[in-house]
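As provided, query_7.txt (compact mmCIF, C-alpha atoms) reads as follows.
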```txt
# COMPACT_ATOMS: atom_id res chain seq x y z
CA MET A 1 146.57 57.25 112.18
CA THR A 2 148.08 56.50 115.60
CA ARG A 3 145.26 58.40 117.26
CA ILE A 4 142.62 56.39 115.39
CA LYS A 5 144.33 53.16 116.38
CA ALA A 6 144.43 54.27 120.03
CA VAL A 7 140.72 55.10 119.95
CA ALA A 8 139.96 51.67 118.48
CA TRP A 9 141.90 49.87 121.23
CA ALA A 10 140.26 52.07 123.87
CA GLY A 11 136.86 51.06 122.51
CA GLY A 12 137.80 47.38 122.66
CA ALA A 13 138.98 47.71 126.27
CA SER A 14 135.78 49.59 127.17
CA TYR A 15 133.69 46.82 125.64
CA LEU A 16 135.39 44.16 127.76
CA LEU A 17 134.94 46.37 130.83
CA VAL A 18 131.22 46.78 130.15
CA VAL A 19 130.82 43.02 129.67
CA GLY A 20 132.61 42.43 132.97
CA LEU A 21 130.26 44.85 134.72
CA LEU A 22 127.21 43.14 133.20
CA VAL A 23 128.34 39.70 134.31
CA GLY A 24 129.88 40.46 137.69
CA GLY A 25 128.51 43.83 138.68
CA ALA A 26 124.80 43.28 137.98
CA PRO A 27 124.07 39.63 138.82
CA ARG A 28 120.51 40.38 139.93
CA ALA A 29 119.51 42.04 136.66
CA SER A 30 117.26 40.06 134.34
CA GLY A 31 118.62 38.07 131.42
CA THR A 32 116.93 40.50 129.02
CA VAL A 33 118.83 43.40 130.56
CA HIS A 34 122.07 41.48 130.19
CA GLY A 35 121.34 40.65 126.55
CA VAL A 36 120.31 44.20 125.62
CA GLY A 37 123.30 45.60 127.51
CA ALA A 38 125.70 43.37 125.58
CA LEU A 39 123.98 44.30 122.31
CA LEU A 40 124.41 48.01 123.00
CA ALA A 41 127.98 47.55 124.22
CA VAL A 42 129.07 46.25 120.81
CA SER A 43 128.94 49.84 119.55
CA LEU A 44 132.20 50.33 121.44
CA LEU A 45 133.85 47.92 118.99
CA VAL A 46 133.24 50.11 115.93
CA GLY A 47 136.88 51.16 115.70
CA VAL A 48 138.13 47.58 116.09
CA VAL A 49 135.58 46.33 113.53
CA ARG A 50 136.84 48.79 110.89
CA ARG A 51 140.52 48.01 111.48
CA MET A 52 140.51 44.33 112.56
CA PRO A 53 137.06 42.81 111.98
CA LEU A 54 138.12 39.24 112.81
CA LEU A 55 139.48 40.36 116.18
CA ALA A 56 136.26 42.29 116.77
CA LEU A 57 134.25 39.13 116.04
CA ALA A 58 136.34 37.16 118.53
CA MET A 59 135.79 39.84 121.20
CA ALA A 60 132.04 39.96 120.49
CA LEU A 61 131.79 36.16 120.71
CA PHE A 62 133.71 36.18 123.98
CA GLY A 63 131.58 38.96 125.46
CA SER A 64 128.24 37.50 124.36
CA THR A 65 129.17 34.02 125.58
CA ALA A 66 130.28 35.46 128.93
CA VAL A 67 126.91 37.17 129.30
CA VAL A 68 125.05 33.93 128.49
CA VAL A 69 127.04 31.63 130.78
CA GLY A 70 127.23 34.16 133.61
CA PRO A 71 125.05 33.85 136.71
CA PRO A 72 121.34 34.06 135.81
CA SER A 73 118.87 36.30 137.51
CA SER A 74 117.86 35.33 141.02
CA GLY A 75 114.63 37.34 140.94
CA HIS A 76 111.12 36.40 139.87
CA GLU A 77 112.22 35.55 136.32
CA SER A 78 112.46 31.85 135.54
CA LEU A 79 115.73 30.24 134.60
CA ALA A 80 114.59 29.51 131.02
CA ALA A 81 113.27 33.04 130.52
CA SER A 82 116.51 34.45 131.91
CA TYR A 83 118.67 32.51 129.46
CA GLN A 84 116.27 33.33 126.64
CA GLY A 85 116.83 37.04 127.24
CA GLN A 86 120.58 36.60 127.54
CA PHE A 87 120.73 35.02 124.09
CA LEU A 88 119.88 38.49 122.70
CA SER A 89 123.54 39.31 123.20
CA TYR A 90 124.40 37.14 120.18
CA LEU A 91 122.71 39.68 117.93
CA ALA A 92 125.82 41.79 118.52
CA VAL A 93 127.91 38.94 117.08
CA ASP A 94 125.62 38.79 114.06
CA LEU A 95 126.12 42.51 113.40
CA VAL A 96 129.89 42.10 113.35
CA LEU A 97 129.52 38.97 111.23
CA GLY A 98 127.48 40.86 108.63
CA PHE A 99 130.25 43.45 108.34
CA ILE A 100 132.85 40.71 107.84
CA VAL A 101 130.79 39.04 105.10
CA ALA A 102 130.41 42.41 103.36
CA THR A 103 134.06 43.47 103.48
CA ARG A 104 136.40 40.52 103.91
CA ALA A 105 137.54 37.81 101.52
CA ARG A 106 135.16 34.92 100.96
CA ARG A 107 137.39 32.37 102.70
CA ALA A 108 137.67 34.54 105.81
CA SER A 109 133.90 35.12 105.73
CA ILE A 110 133.17 31.39 105.54
CA VAL A 111 135.48 30.67 108.48
CA ALA A 112 133.88 33.49 110.51
CA VAL A 113 130.35 32.22 109.80
CA ALA A 114 131.30 28.64 110.67
CA VAL A 115 132.98 29.57 113.97
CA SER A 116 130.22 31.97 114.97
CA SER A 117 127.39 29.54 114.22
CA ALA A 118 129.20 26.68 115.97
CA VAL A 119 129.78 28.72 119.16
CA GLN A 120 126.22 30.05 119.26
CA LEU A 121 124.54 26.70 118.66
CA LEU A 122 126.84 24.98 121.15
CA VAL A 123 126.09 27.51 123.90
CA ILE A 124 122.36 27.45 123.15
CA GLY A 125 122.37 23.64 123.22
CA VAL A 126 124.09 23.58 126.61
CA PHE A 127 122.22 26.37 128.40
CA ALA A 128 118.76 26.26 126.79
CA HIS A 129 116.24 23.66 127.95
CA GLY A 130 112.94 22.29 126.71
CA ASP A 131 110.94 24.44 124.34
CA SER A 132 113.40 27.31 124.68
CA LEU A 133 116.08 25.15 123.05
CA THR A 134 114.15 24.96 119.78
CA VAL A 135 113.00 28.60 119.90
CA ASN A 136 116.43 30.01 120.63
CA GLY A 137 118.09 27.73 118.07
CA VAL A 138 115.70 28.82 115.31
CA ILE A 139 116.01 32.50 116.24
CA ALA A 140 119.81 32.24 116.29
CA LEU A 141 119.89 30.61 112.85
CA LEU A 142 117.46 33.18 111.40
CA ALA A 143 119.47 36.08 112.82
CA LEU A 144 122.67 34.53 111.49
CA ALA A 145 121.16 34.05 108.04
CA ALA A 146 119.80 37.61 108.00
CA SER A 147 123.19 39.12 108.87
CA CYS A 148 124.94 37.02 106.22
CA MET A 149 122.34 37.96 103.60
CA ALA A 150 122.70 41.66 104.42
CA GLY A 151 126.48 41.34 104.16
CA LEU A 152 126.27 39.53 100.82
CA LEU A 153 123.90 42.16 99.39
CA SER A 154 126.25 44.93 100.53
CA ARG A 155 129.23 43.12 98.98
CA GLU A 156 127.42 42.61 95.67
CA ARG A 157 126.33 46.24 95.56
CA ARG A 158 129.88 47.43 96.19
CA GLU A 159 131.38 45.03 93.63
CA HIS A 160 128.77 46.12 91.09
CA ALA A 161 129.67 49.77 91.69
CA VAL A 162 133.39 48.98 91.23
CA ALA A 163 132.68 47.03 88.03
CA LEU A 164 130.47 49.81 86.71
CA ARG A 165 133.17 52.40 87.41
CA ALA A 166 135.78 50.22 85.67
CA GLN A 167 133.50 49.87 82.66
CA GLU A 168 132.97 53.63 82.51
CA VAL A 169 136.73 54.21 82.67
CA ALA A 170 137.31 51.66 79.90
CA GLU A 171 134.66 53.32 77.73
CA ALA A 172 136.22 56.73 78.37
CA VAL A 173 139.66 55.43 77.37
CA THR A 174 138.24 53.86 74.21
CA ALA A 175 136.39 57.07 73.33
CA GLU A 176 139.60 59.07 73.80
CA ARG A 177 141.52 56.64 71.60
CA LEU A 178 138.88 56.96 68.89
CA ARG A 179 139.13 60.73 69.12
CA ILE A 180 142.92 60.49 68.82
CA ALA A 181 142.51 58.19 65.83
CA ARG A 182 140.22 60.67 64.06
CA GLU A 183 142.67 63.50 64.73
CA LEU A 184 145.53 61.29 63.52
CA HIS A 185 143.57 60.66 60.34
CA ASP A 186 143.33 64.42 59.76
CA MET A 187 147.05 64.91 60.30
CA VAL A 188 147.97 62.06 57.97
CA ALA A 189 145.59 63.38 55.30
CA HIS A 190 147.19 66.82 55.61
CA SER A 191 150.70 65.34 55.27
CA ILE A 192 149.72 63.22 52.27
CA GLY A 193 148.33 66.36 50.64
CA ILE A 194 151.68 68.11 51.11
CA ILE A 195 153.52 65.10 49.67
CA ALA A 196 151.20 64.98 46.65
CA ILE A 197 151.68 68.69 45.94
CA GLN A 198 155.47 68.50 46.24
CA ALA A 199 155.61 65.36 44.10
CA GLY A 200 153.62 67.13 41.40
CA VAL A 201 155.97 70.12 41.53
CA GLY A 202 159.03 67.88 41.31
CA SER A 203 157.73 65.89 38.34
CA ARG A 204 157.08 69.07 36.34
CA VAL A 205 160.43 70.77 36.96
CA ILE A 206 162.81 67.81 37.22
CA GLN A 207 164.11 68.37 33.66
CA THR A 208 164.25 72.17 33.62
CA GLN A 209 164.90 73.07 37.28
CA PRO A 210 166.82 70.31 39.07
CA ALA A 211 167.37 72.46 42.18
CA GLU A 212 163.64 73.01 42.57
CA ALA A 213 163.05 69.29 42.07
CA ARG A 214 165.58 68.45 44.79
CA GLU A 215 163.83 70.88 47.16
CA ALA A 216 160.51 69.17 46.46
CA LEU A 217 162.03 65.73 47.12
CA ARG A 218 163.54 66.99 50.35
CA ALA A 219 160.14 68.33 51.44
CA ILE A 220 158.58 64.95 50.65
CA GLU A 221 161.24 63.16 52.70
CA VAL A 222 160.88 65.46 55.73
CA THR A 223 157.09 65.35 55.72
CA SER A 224 156.91 61.58 55.27
CA ARG A 225 159.46 60.94 58.04
CA GLU A 226 157.58 63.17 60.50
CA THR A 227 154.27 61.56 59.60
CA LEU A 228 155.70 58.06 59.96
CA SER A 229 157.23 58.96 63.32
CA GLY A 230 153.87 60.23 64.59
CA LEU A 231 152.14 57.09 63.38
CA ARG A 232 154.63 54.85 65.16
CA ARG A 233 154.22 56.73 68.44
CA THR A 234 150.45 56.46 68.32
CA LEU A 235 149.33 53.32 66.53
CA VAL A 236 151.20 50.86 68.75
CA SER A 237 148.96 51.74 71.69
CA LEU A 238 145.84 52.35 69.62
CA ARG A 239 145.90 48.68 68.53
CA GLN A 240 144.85 47.79 72.07
CA ALA A 241 141.53 49.61 71.69
CA ASP A 242 138.36 47.67 71.07
CA ARG A 243 138.30 46.72 67.38
CA GLY A 244 134.53 46.61 67.45
CA ALA A 245 134.07 50.17 68.62
CA THR A 246 132.66 52.67 66.13
CA ALA A 247 132.95 56.44 66.08
CA SER A 248 129.77 58.44 66.30
CA GLU A 249 131.31 61.71 65.17
CA GLN A 250 132.67 62.71 61.78
CA SER A 251 136.21 64.01 61.49
CA PRO A 252 136.18 67.78 61.36
CA LEU A 253 137.28 69.47 58.16
CA ALA A 254 138.98 72.34 59.99
CA PRO A 255 142.75 72.12 60.62
CA SER A 256 143.73 70.48 63.91
CA PRO A 257 144.52 73.00 66.67
CA GLY A 258 147.90 73.29 68.34
CA LEU A 259 149.88 75.32 70.82
CA ALA A 260 149.64 78.32 68.51
CA ASP A 261 145.93 78.41 69.36
CA VAL A 262 146.39 78.50 73.15
CA GLU A 263 146.07 82.30 73.23
CA ARG A 264 142.72 82.06 71.46
CA LEU A 265 141.69 79.33 73.90
CA ALA A 266 142.71 81.58 76.80
CA ALA A 267 140.57 84.39 75.40
CA ALA A 268 137.57 82.07 75.18
CA THR A 269 138.17 80.92 78.76
CA ALA A 270 138.32 84.55 79.90
CA GLY A 271 134.90 85.01 78.32
CA ALA A 272 133.67 82.22 80.61
CA GLY A 273 134.85 84.13 83.68
CA VAL A 274 138.37 82.76 84.25
CA ARG A 275 141.37 84.92 83.32
CA VAL A 276 144.24 82.83 81.94
CA ASP A 277 147.87 83.92 82.22
CA VAL A 278 149.81 82.18 79.42
CA ARG A 279 153.59 81.97 79.79
CA CYS A 280 156.05 80.37 77.39
CA SER A 281 159.70 79.56 78.05
CA GLY A 282 162.47 77.99 76.04
CA GLU A 283 163.01 78.22 72.31
CA GLN A 284 159.57 78.32 70.72
CA ARG A 285 159.66 76.16 67.60
CA PRO A 286 157.41 73.86 65.61
CA VAL A 287 156.90 70.43 67.20
CA PRO A 288 155.49 67.24 65.63
CA ALA A 289 151.80 67.56 64.85
CA ASP A 290 150.66 64.76 67.18
CA ILE A 291 152.55 66.23 70.14
CA ASP A 292 151.35 69.74 69.28
CA LEU A 293 147.73 68.60 69.18
CA SER A 294 147.98 66.53 72.37
CA ALA A 295 149.52 69.44 74.29
CA TYR A 296 146.69 71.67 73.13
CA ARG A 297 144.05 69.11 74.17
CA ILE A 298 145.63 68.79 77.62
CA VAL A 299 145.51 72.56 78.11
CA GLN A 300 141.94 72.65 76.78
CA GLU A 301 140.70 69.92 79.14
CA ALA A 302 142.53 71.41 82.15
CA LEU A 303 141.02 74.85 81.50
CA THR A 304 137.59 73.26 81.13
CA ASN A 305 138.01 71.67 84.58
CA VAL A 306 139.04 75.04 86.02
CA VAL A 307 135.92 76.73 84.63
CA ARG A 308 133.58 73.96 85.77
CA HIS A 309 134.98 72.92 89.13
CA ALA A 310 137.71 75.17 90.56
CA GLY A 311 135.55 78.10 91.61
CA THR A 312 138.26 80.65 90.90
CA GLY A 313 138.63 83.62 88.59
CA ARG A 314 142.18 83.05 87.37
CA CYS A 315 144.69 80.36 86.45
CA ARG A 316 148.11 80.03 84.85
CA VAL A 317 149.29 78.08 81.79
CA VAL A 318 153.03 77.49 81.42
CA ILE A 319 154.49 75.98 78.25
CA ASP A 320 158.18 75.09 78.29
CA TYR A 321 160.01 74.13 75.09
CA GLY A 322 162.88 72.00 76.34
CA ASP A 323 165.63 70.37 74.33
CA GLU A 324 164.25 66.86 74.80
CA GLU A 325 160.69 67.35 76.03
CA LEU A 326 157.74 69.71 75.90
CA SER A 327 156.27 70.59 79.29
CA VAL A 328 152.74 71.90 79.82
CA GLU A 329 151.42 73.03 83.20
CA VAL A 330 148.02 74.42 84.20
CA VAL A 331 147.72 75.73 87.78
CA ASP A 332 144.80 77.34 89.60
CA ASP A 333 144.17 78.54 93.14
CA GLY A 334 140.63 77.19 93.46
CA ARG A 335 139.06 74.48 95.59
CA GLY A 336 141.59 71.77 94.72
CA ALA A 337 140.49 68.12 94.71
CA THR A 338 137.22 68.96 96.48
CA GLY A 339 135.89 70.96 93.58
CA ASN A 340 137.97 69.70 90.71
CA GLY A 341 135.64 66.84 89.86
CA SER A 342 138.45 64.55 88.79
CA ALA A 343 137.42 61.78 91.13
CA HIS A 344 134.27 61.03 89.14
CA GLY A 345 134.95 62.56 85.72
CA PHE A 346 137.01 61.25 82.83
CA GLY A 347 138.89 64.36 81.70
CA ILE A 348 142.09 63.45 83.52
CA ILE A 349 141.75 59.84 82.34
CA GLY A 350 141.67 61.14 78.75
CA MET A 351 144.69 63.36 79.35
CA ARG A 352 146.61 60.49 80.89
CA GLU A 353 145.77 58.30 77.89
CA ARG A 354 147.07 60.92 75.44
CA VAL A 355 150.30 61.39 77.37
CA GLY A 356 150.79 57.65 77.73
CA LEU A 357 150.41 57.10 73.98
CA LEU A 358 153.26 59.55 73.41
CA GLY A 359 155.50 58.00 76.07
CA GLY A 360 155.21 60.99 78.40
CA HIS A 361 154.21 61.55 82.02
CA LEU A 362 151.17 63.29 83.52
CA SER A 363 150.64 64.41 87.10
CA ALA A 364 147.36 65.87 88.32
CA GLY A 365 146.36 66.65 91.88
CA PRO A 366 145.78 69.28 94.56
CA ARG A 367 148.63 71.60 95.57
CA PRO A 368 149.75 71.85 99.21
CA GLU A 369 149.22 75.61 99.12
CA GLY A 370 145.73 75.21 97.66
CA GLY A 371 144.32 74.85 94.18
CA PHE A 372 144.93 72.19 91.55
CA ARG A 373 147.82 71.45 89.20
CA VAL A 374 147.97 69.52 85.93
CA ALA A 375 151.46 68.97 84.49
CA ALA A 376 152.41 66.97 81.41
CA ARG A 377 155.83 66.14 80.00
CA LEU A 378 155.91 65.02 76.37
CA PRO A 379 159.21 63.72 74.97
CA LEU A 380 160.29 65.30 71.70
CA PRO A 381 161.75 63.07 68.96
CA ALA A 382 165.07 63.84 67.37
CA PRO A 383 164.65 66.39 64.56
CA THR A 384 164.36 64.92 61.05
CA GLY A 385 164.77 68.15 59.14
CA VAL A 386 163.10 71.47 58.61
CA PRO A 387 159.34 71.09 58.38
CA VAL A 388 157.87 72.22 55.07
CA GLU A 389 154.42 73.62 54.60
CA ALA A 390 152.26 73.23 51.51
CA ARG A 391 152.62 76.02 49.02
```

Give the structure from the file, written as structure tokens.
Amino acid sequence: MTRIKAVAWAGGASYLLVVGLLVGGAPRASGTVHGVGALLAVSLLVGVVRRMPLLALAMALFGSTAVVVGPPSSGHESLAASYQGQFLSYLAVDLVLGFIVATRARRASIVAVAVSSAVQLLVIGVFAHGDSLTVNGVIALLALAASCMAGLLSRERREHAVALRAQEVAEAVTAERLRIARELHDMVAHSIGIIAIQAGVGSRVIQTQPAEAREALRAIEVTSRETLSGLRRTLVSLRQADRGATASEQSPLAPSPGLADVERLAAATAGAGVRVDVRCSGEQRPVPADIDLSAYRIVQEALTNVVRHAGTGRCRVVIDYGDEELSVEVVDDGRGATGNGSAHGFGIIGMRERVGLLGGHLSAGPRPEGGFRVAARLPLPAPTGVPVEAR
């Protein structure tokens, strides 16, 4: 960064030096040569324009005005023709002005346009005479308008691209929330089925087998508490989704996948050309269905990115069952951010949305030693009892 700043200041100093040479070192050159020289010299201000555009505009105005008010040619060229050629130097100011209009705030752009137009018209009014006054004034205004129009078009195109990207991200988040809602529907339906079965068992044996009835009631309590806990973790954030959005897919009838299916997912990924090393640590135990499903989806999306973008033949999946949180990590040694595709895709946005709904944390980015890493930490709720499966 310091080197770039030094180069920018060196370019600014070089520009002032070139302007000084044009004005004082080549007094016999024609006004056209002075104007073209000042127009070409503005290329030295590229570094200053990118870092401090308002300062670059002030330097360009100073340099162009110095070229115009400097000593005119003493050759065969007339005084009016000499000044007319020197006014070409203000095209350099218009180039810088167009960049300011395209990149700076509207208030700063308005001030820059006002100051630039005032200086140019004032100098033209003082040093142009006769017919050249009108011609140079009209040309200056047209050049000024053209630079401002080009800057406005560039600004609108950039703002439209930003708005379009934001809309795409919002649509991706909404689509992910709808997908989560469909999966949540499946989990709730499964839990209600368990509750219905256990309630039926309890009602039939409550008179003859009280112990069996108590076991059924306990199963109903555990299942309902876990289901309610999952609903609370998810629905609070899902309420923020667009109420008018509609799902285009039907909920699958197959059971929702979970961490128990990661080995099968790894085998499928190996069939696509990427060998997956799955490692588990901690006490492996059942986790709430919504956390189990979200962890699986994170691994699935991360492996999909590895297959599509990483350009490597292997990766590693680490699942850690902690006391208070479940950690999932997918690491590869591929091309990192260059080939990962996360800058323009929505896979990581979807993963971040899932983790955020569960109150967890997601980190995704290139590794210093090369490759890409996706790591998610999902907090585990306090246990409510032993989970019971349908009989």

What gap, in Å, lies between atom CA of A:Arg354 and atom CA of A:Pro286?
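It comes out at 19.3 Å.
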
Can you work out which one of A:Ala60, A:Val328, A:Ala118, A:Ile348 has the shortest atom-to-atom distance to A:Ala375, counting all atoms listed in the file?
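Residue with the minimum atom-to-atom distance to A:Ala375: A:Val328.
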
With distances taken over all atoms listed in the file, which of A:Ala216, A:Val23, A:Leu91, A:Val317 is nearest to A:Ser203?
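Going through A:Ala216, A:Val23, A:Leu91, A:Val317 one by one, the smallest distance to A:Ser203 is for A:Ala216.
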
Set the distance at 8 Å and use all atoms listed in the file: which residues neighbour stretch 9-20 of chain A once local chain neighbours fewer than 2 positions away are removed? I'd like the list as a PyMOL selection string.
chain A and resi 5-7+22-25+38+41-42+44-48+56+59+63+66-67

So which one's closest to A:Ala268, A:Val68, A:Ile124, A:Leu303, A:Leu293? Using only C-alpha atoms, please.
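Going through A:Val68, A:Ile124, A:Leu303, A:Leu293 one by one, the smallest distance to A:Ala268 is for A:Leu303.
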
Between A:Ser117, A:Thr103, A:Thr223, A:Ser64, which has the minimum distance to A:Ala145 (counting all atoms listed in the file)?
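That would be A:Ser117, the residue with the smallest distance to A:Ala145.
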
Using only C-alpha atoms, can you tell me which of A:Asn136, A:Ser147, A:Ser327, A:Gln198 comes closest to A:Phe99?
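Among A:Asn136, A:Ser147, A:Ser327, A:Gln198, it is A:Ser147 that comes nearest to A:Phe99.
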
Rounded to one decimal in Å, what is the spacing between atom CA of A:Glu325 and atom CA of A:Arg377?
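Atom-to-atom, atom CA of A:Glu325 and atom CA of A:Arg377 are spaced 6.4 Å apart.
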
For stretch 151-164 of chain A, please output as a ChimeraX atom specification all residues within 8 Å (counting all atoms listed in the file; exclusion window: fewer than 3 positions along the same chain).
/A:98-103,147-148,167-168

Grab the atom CA of A:Leu142 to atom CA of A:Leu61 distance for me, in Å with one decimal place.
17.3 Å

Using all atoms listed in the file, the residue out of A:Ile291, A:Ala199, A:Ile349, A:Leu121 with shortest distance to A:Val173 is A:Ile349

Near-A:Arg297 list (12 Å; only C-alpha atoms; drop same-chain fewer than 3 positions) as a ChimeraX atom specification
/A:176,179-180,183,256-259,261-262,265,290-294,300-304,328,347-348,350-355,376

Enumerate, as a short mmCIF file (atom, residue, chain, number, x, y, z; two decimals) with C-alpha atoms, keeping the file's coordinate frame, the protein, DNA and RNA residues whose atoms approach (158.8, 63.7, 75.6) to within 7 Å, taking into account all atoms listed in the file and the coordinate frame of the file.
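Saved file selection-v9.cif follows:
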```cif
data_model
loop_
_atom_site.label_atom_id
_atom_site.label_comp_id
_atom_site.auth_asym_id
_atom_site.auth_seq_id
_atom_site.Cartn_x
_atom_site.Cartn_y
_atom_site.Cartn_z
CA GLU A 324 164.25 66.86 74.80
CA GLU A 325 160.69 67.35 76.03
CA LEU A 326 157.74 69.71 75.90
CA GLY A 359 155.50 58.00 76.07
CA GLY A 360 155.21 60.99 78.40
CA ARG A 377 155.83 66.14 80.00
CA LEU A 378 155.91 65.02 76.37
CA PRO A 379 159.21 63.72 74.97
CA LEU A 380 160.29 65.30 71.70
#
```
